[in-house]
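Remarks on the structure that follows.
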2 protein chains.
Amino acid sequence: MSLLEDARTRDAADPLREYRDRFALPEGVIYLDGNSLGVLPRATPERLDAVVRGEWGDGLIGSWNDADWIGLPQRVGGKIAPLVGAAPDEVIACDSTSVNLFKLIAAALQMQARENGKRRKVVLSEPGNFPTDLYMIEGLRRQGLAERRLAGRDALVDALVANVALLLLTHTHYKTGAVHDMAALTRAAHEAGALVLWDLSHSCGALPVDLNACEADFAVGCGYKYLNAGPGAPAFAFVAERHHKALQQPLTGWMGHAAPFEFSDDYADAPGVDRLLCGTLPIIGLSALEVGVELVAEIGVDRLYAKSQALSEFFRECLAVHGAGLDLVSPPDPGRRGSQLSFRHAEAYAICQALIARGVIGDFRDPDILRFGFAPAYVSFSDIAEAARHLAEVLERGEWDRTEFKQRAAVT
Amino acid sequence: MSLLEDARTRDAADPLREYRDRFALPEGVIYLDGNSLGVLPRATPERLDAVVRGEWGDGLIGSWNDADWIGLPQRVGGKIAPLVGAAPDEVIACDSTSVNLFKLIAAALQMQARENGKRRKVVLSEPGNFPTDLYMIEGLRRQGLAERRLAGRDALVDALVANVALLLLTHTHYKTGAVHDMAALTRAAHEAGALVLWDLSHSCGALPVDLNACEADFAVGCGYKYLNAGPGAPAFAFVAERHHKALQQPLTGWMGHAAPFEFSDDYADAPGVDRLLCGTLPIIGLSALEVGVELVAEIGVDRLYAKSQALSEFFRECLAVHGAGLDLVSPPDPGRRGSQLSFRHAEAYAICQALIARGVIGDFRDPDILRFGFAPAYVSFSDIAEAARHLAEVLERGEWDRTEFKQRAAVT
């Protein structure tokens with residue numbers, strides 16, 4: 001049986017096969033980049049048209065009440081909650097991942113300052129964490145409120161010393177796909193008196209996450225990857241219920257006010273995670289996020305995770321059959337990685353471009369990582385077999401070695 | 001000649017009459033609330049459909065380069081710039097007005113701290129400024145970085161004492177429509193060693209603003225009012241070129257990095273206003289903003305302003321003819337107010353609801369303000385004559401005095 005025949009047999013038996021049609025996948029494209037930008041759900045354009053022409057165009061200002069625009073962040077947050085092991089009132093959809101990181105890092109520092117004076121100012125993370133996670137610490141350092149410390153994965157627990165206020169990690173690493181042990185690291189941080197903030201951008205919608213079982217304090221996550229909410233979609237934030245009363249964050253905008261329409265001069269925190277809201281709610285973006293979240297919730301994270309492991313293992317199998325030797329930087333154990341496989345190659349950029357020219361979209365991460373995401377809601381086993389064949393051919397034929405594949409675009 | 005005949009004559013002579021059809025105004029509605037949420041431009045749904053189905057759906061991740069998503073904040077900012085008297089590279093479109101306020105208040109405080117140590121920490125504003133402007137100071141006060149001081153309009157200049165770091169004012173007042181003298185107040189602040197941040201949310205797209213002629217330091221503004229970019233649209237921020245080198249703000253996300261796609265662990269400010277970017281760009285929202293901005297730019301701010309003054313004066317004339325005595329809280333001189341008229345009435349909420357029941361949408365601002373916005377791009381003189389007649393009838397007949405008009409909705 002050829003690899004493609006094998007793939008077709010697997011596709012026929014795939015319990016998620018019907019969902020592929022719920023996404024507007026372009027013809028002739030094998031899309032292995034859903035971990036960068038998820039594919040458009042077919043239901044989204046219609047929903048957005050109803051929001052734009054109906055709710056905005058016809059309903060105008062009345063839609064804040066009549067279409068419940070005002071309740072969107074909580075409603076969408078409540079639908080994200082079960083995907084990450086949170087209670088509905090612990091999650092809210094708003095702003096960008098970066099802005100939400102700032103709110104929660106600052107909130108954690110303020111909690112620590114209240115309890116421990118200025119003794120704990122260190123935000124501990126790992127080198128090579130997704131840049132914006134590391135950069136948002138810098139903004140607070142500039143304000144004199146934080147110190148940044150980085151320790152490699154193996155040294156993290158030992159680095160949890162007395163002046164660490166917060167451990168900030170991305171659950172699934174954006175480059176390698178390696179997954180941290182959330183329960184163990186959260187426990188270690190708590191034992192050291194630190195709080196924990198998990199970035200779930202590469203986890204939410206791809207693998208099971210159980211924030212409350214792990215006793216996580218805070219989390220953020222992205223709307224435009226596995227939640228398929230479109231480029232630069234609103235993000236989300238989680239705060240464990242036990243912290244709701246003490247929570248204070250510095251982006252104290254009018255939507256986070258306890259009574260925004262009383263228009264008082266003085267700020268008063270809204271209850272719970274509502275106080276994470278800041279400016280006027282981005283209704284179009286939140287509406288697209290709701291569609292994406294509902295679709296992931298309908299499919300179910302456990303089924304998505306099972307298929308993503310099968311897809312990535314099959315990709316490795318296909319590469320082995322083709323004899324395409326590549327340096328895997330992702331954990332070989334599928335139980336220890338997210339929904340992706342990454343390989344190191346000095347010509348990763350040009351290989352990625354050569355694959356795109358063949359209709360296989362993966363991505364490149366500076367300086368030498370070739371990354372393939374297996375968004376299981378719409379990627380088929382046939383996609384995998386074909387992608388592996390193309391990759392093997394590009395490598396075998398040295399097809400990447402052309403000038404046009406080596407010229408870098410603005411965004412890579 | 002009846003008021004309605006008079007209005008029709010004015011409409012026939014209105015040089016902006018052709019533009020009304022460029023907006024999707026619902027049938028049977030007189031919309032005097034464009035200063036809260038602007039009307040949908042007819043071109044927007046088609047543009048968003050092209051972005052969603054074409055750029056996102058078909059173009060997928062490649063659209064960051066191919067559709068120049070990565071350049072949207074600068075491109076849209078550059079189109080907003082001439083509307084506010086700025087150079088194209090002084091304005092960038094991003095985040096919400098509230099988040100942009102935080103960035104620029106923090107940046108101003110940091111500039112002052114660098115030059116003057118901790119002597120200048122006061123952010124001076126006025127009581128009754130739009131709440132989010134006042135609340136964003138609170139966030140920085142919580143961080144120990146700011147003190148808030150409020151002084152009434154007449155006392156502002158005297159309040160510019162030696163510890164004032166920043167004067168933060170809304171150019172056109174959201175409740176009364178009163179317009180500050182930007183040139184005089186900016187000069188007074190500079191003479192006192194303070195920087196100035198103008199909130200242009202109720203000005204941009206409605207009346208001429210000349211930030212650089214006034215030597216303003218910073219400004220922010222709203223996308224969803226007179227720029228007609230939809231509910232919770234991205235906002236914009238202005239930084240005078242002379243401050244670009246010294247500018248530092250705390251929301252140091254990856255999109256504000258000098259080389260975001262090098263994925264380095266350390267933050268480095270992008271040049272100029274690009275460093276105000278934080279998280280991944282909200283492409284759908286920015287695309288709607290571009291449509292709205294282009295339309296306002298095509299009509300021209302001077303023509304919009306001239307018509308808005310004529311509309312509001314005609315509204316007052318009509319009310320006078322009807323003998324509807326209302327307590328005007330806006331400046332009676334049209335040269336000293338924005339594109340709105342506000343009246344004080346103990347039953348403002350119920351009157352507003354009674355008008356909505358008649359198809360006239362104005363708005364209510366707690367506790368007793370009835371506010372009518374005259375967005376001149378789509379409001380006609382006939383709208384004004386009819387709205388004034390309805391208002392006079394509601395008052396004369398005591399029509400507001402019904403239980404259903406007195407029950408408050410969630411958003412008022």
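Please note that chains go A, B, ... in the order of the structure tokens, that every chain numbers its residues from 1, and that ligands are numbered from 1 in the order shown.
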
Distance query Gly221 in chain B at most 9 Å, only C-alpha atoms, self and fewer than 6 positions along chain excluded, as a PyMOL selection string | chain B and resi 96-97+100+198-204+235-238

Write out as a PDB file with C-alpha atoms, in the first residue's frame the residues lying within 6 Å of Pro41 in chain B, counting only C-alpha atoms and excluding same-chain residues fewer than 3 positions away.
```pdb
ATOM      1  CA  ARG B  22     -22.413  56.453   0.607  1.00  0.00           C
ATOM      2  CA  PHE B  23     -23.725  55.402   4.020  1.00  0.00           C
ATOM      3  CA  ALA B  24     -26.112  52.549   4.782  1.00  0.00           C
ATOM      4  CA  THR B  44     -17.322  48.652   4.211  1.00  0.00           C
TER       5      THR B  44
END
```

Skip Arg42 in chain B itself and residues of its chain fewer than 5 positions away, then list as a PyMOL selection string all residues within 12 Å of it, counting only C-alpha atoms.
-> (chain A and resi 52-53+56-58) or (chain B and resi 19-26+47-48+228-229+288+291-292+295+378)

Which residues of chain A have any atom within 6 Å of an atom in chain B when counting only C-alpha atoms, and what is the closest pair of atoms for each, with the distance in Å to one decimal? Order the rows by chain and rising number and write it as a Markdown table.
```
| residue | atom | partner | partner_atom | distance |
| --- | --- | --- | --- | --- |
| A:Pro26 | CA | B:Asp58 | CA | 5.4 |
| A:Leu37 | CA | B:Ile61 | CA | 6.0 |
| A:Leu40 | CA | B:Gly57 | CA | 5.2 |
| A:Gly57 | CA | B:Leu40 | CA | 5.2 |
| A:Asp58 | CA | B:Pro26 | CA | 5.4 |
| A:Ile61 | CA | B:Leu37 | CA | 6.0 |
| A:Ser96 | CA | B:Gly279 | CA | 5.5 |
| A:Ser98 | CA | B:Gly279 | CA | 5.0 |
| A:Pro131 | CA | B:Phe263 | CA | 5.7 |
| A:Thr132 | CA | B:Trp254 | CA | 4.7 |
| A:Tyr135 | CA | B:Tyr267 | CA | 5.5 |
| A:Met136 | CA | B:Thr252 | CA | 5.4 |
| A:Gly139 | CA | B:Pro250 | CA | 3.9 |
| A:Pro231 | CA | B:Ile283 | CA | 5.7 |
| A:Gly232 | CA | B:Pro282 | CA | 4.0 |
| A:Ala233 | CA | B:Pro282 | CA | 5.9 |
| A:Pro250 | CA | B:Gly139 | CA | 3.9 |
| A:Leu251 | CA | B:Gly139 | CA | 5.6 |
| A:Thr252 | CA | B:Gly139 | CA | 5.2 |
| A:Gly253 | CA | B:Thr132 | CA | 5.1 |
| A:Trp254 | CA | B:Thr132 | CA | 4.7 |
| A:Glu262 | CA | B:Asp366 | CA | 5.8 |
| A:Phe263 | CA | B:Pro131 | CA | 5.7 |
| A:Asp265 | CA | B:Pro131 | CA | 5.9 |
| A:Tyr267 | CA | B:Tyr135 | CA | 5.5 |
| A:Gly279 | CA | B:Ser98 | CA | 5.0 |
| A:Thr280 | CA | B:Gly232 | CA | 5.0 |
| A:Leu281 | CA | B:Gly232 | CA | 4.8 |
| A:Pro282 | CA | B:Gly232 | CA | 4.1 |
| A:Ile283 | CA | B:Pro231 | CA | 5.7 |
| A:Asp366 | CA | B:Glu262 | CA | 5.8 |
```

All strand (DSSP E) residues (DSSP, backbone) inside range 241-359 of chain A, as a VMD selection string | chain A and resid 327 to 328 340 to 344

Please measure the separation of CA of Arg10 in chain B and CA of Gly373 in chain B, giving the value in Å to one decimal.
-> 18.6 Å

From range 171-336 of chain B, collect each residue whose DSSP state is alpha helix (DSSP H) and return the set as a short mmCIF file (atom, residue, chain, number, x, y, z; two decimals) with C-alpha atoms, in the first residue's frame.
```cif
data_model
loop_
_atom_site.label_atom_id
_atom_site.label_comp_id
_atom_site.auth_asym_id
_atom_site.auth_seq_id
_atom_site.Cartn_x
_atom_site.Cartn_y
_atom_site.Cartn_z
CA MET B 182 -5.71 73.80 21.73
CA ALA B 183 -3.09 76.38 20.76
CA ALA B 184 -3.43 78.49 23.90
CA LEU B 185 -3.53 75.57 26.35
CA THR B 186 -0.62 73.81 24.67
CA ARG B 187 1.42 77.01 24.88
CA ALA B 188 0.52 77.52 28.55
CA ALA B 189 1.46 73.92 29.36
CA HIS B 190 4.80 74.20 27.57
CA GLU B 191 5.56 77.46 29.36
CA ILE B 283 -6.53 43.28 10.40
CA ILE B 284 -10.31 43.20 10.00
CA GLY B 285 -10.78 46.21 12.26
CA LEU B 286 -7.96 48.18 10.64
CA SER B 287 -9.43 47.46 7.20
CA ALA B 288 -12.81 48.87 8.22
CA LEU B 289 -11.02 51.90 9.67
CA GLU B 290 -9.23 52.48 6.37
CA VAL B 291 -12.57 52.63 4.50
CA GLY B 292 -14.00 55.10 7.01
CA VAL B 293 -10.94 57.32 6.99
CA GLU B 294 -10.77 57.40 3.19
CA LEU B 295 -14.38 58.51 3.01
CA VAL B 296 -13.90 61.35 5.51
CA ALA B 297 -10.73 62.42 3.72
CA GLU B 298 -12.59 62.45 0.40
CA ILE B 299 -15.34 64.70 1.78
CA VAL B 301 -12.88 68.15 7.15
CA ASP B 302 -13.46 71.81 6.33
CA ARG B 303 -16.65 71.06 4.44
CA LEU B 304 -17.78 68.68 7.18
CA TYR B 305 -17.21 71.32 9.81
CA ALA B 306 -19.04 74.05 7.89
CA LYS B 307 -22.06 71.81 7.43
CA SER B 308 -22.05 70.60 11.03
CA GLN B 309 -22.21 74.19 12.24
CA ALA B 310 -25.08 74.92 9.86
CA LEU B 311 -26.92 71.78 11.02
CA SER B 312 -26.65 72.54 14.70
CA GLU B 313 -27.65 76.18 14.25
CA PHE B 314 -30.65 75.08 12.18
CA PHE B 315 -31.64 72.63 14.96
CA ARG B 316 -31.66 75.52 17.46
CA GLU B 317 -33.69 77.65 15.03
CA CYS B 318 -36.27 74.88 14.60
CA LEU B 319 -36.58 74.37 18.36
CA ALA B 320 -37.09 78.12 18.78
CA VAL B 321 -39.82 78.18 16.14
CA HIS B 322 -41.54 75.27 17.94
#
```

Of the listed residues B:Arg397, B:Arg153, B:His173, B:His243, that which approaches Leu104 in chain B most closely, counting only C-alpha atoms |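 Residue with the minimum atom-to-atom distance to Leu104 in chain B: B:His243.
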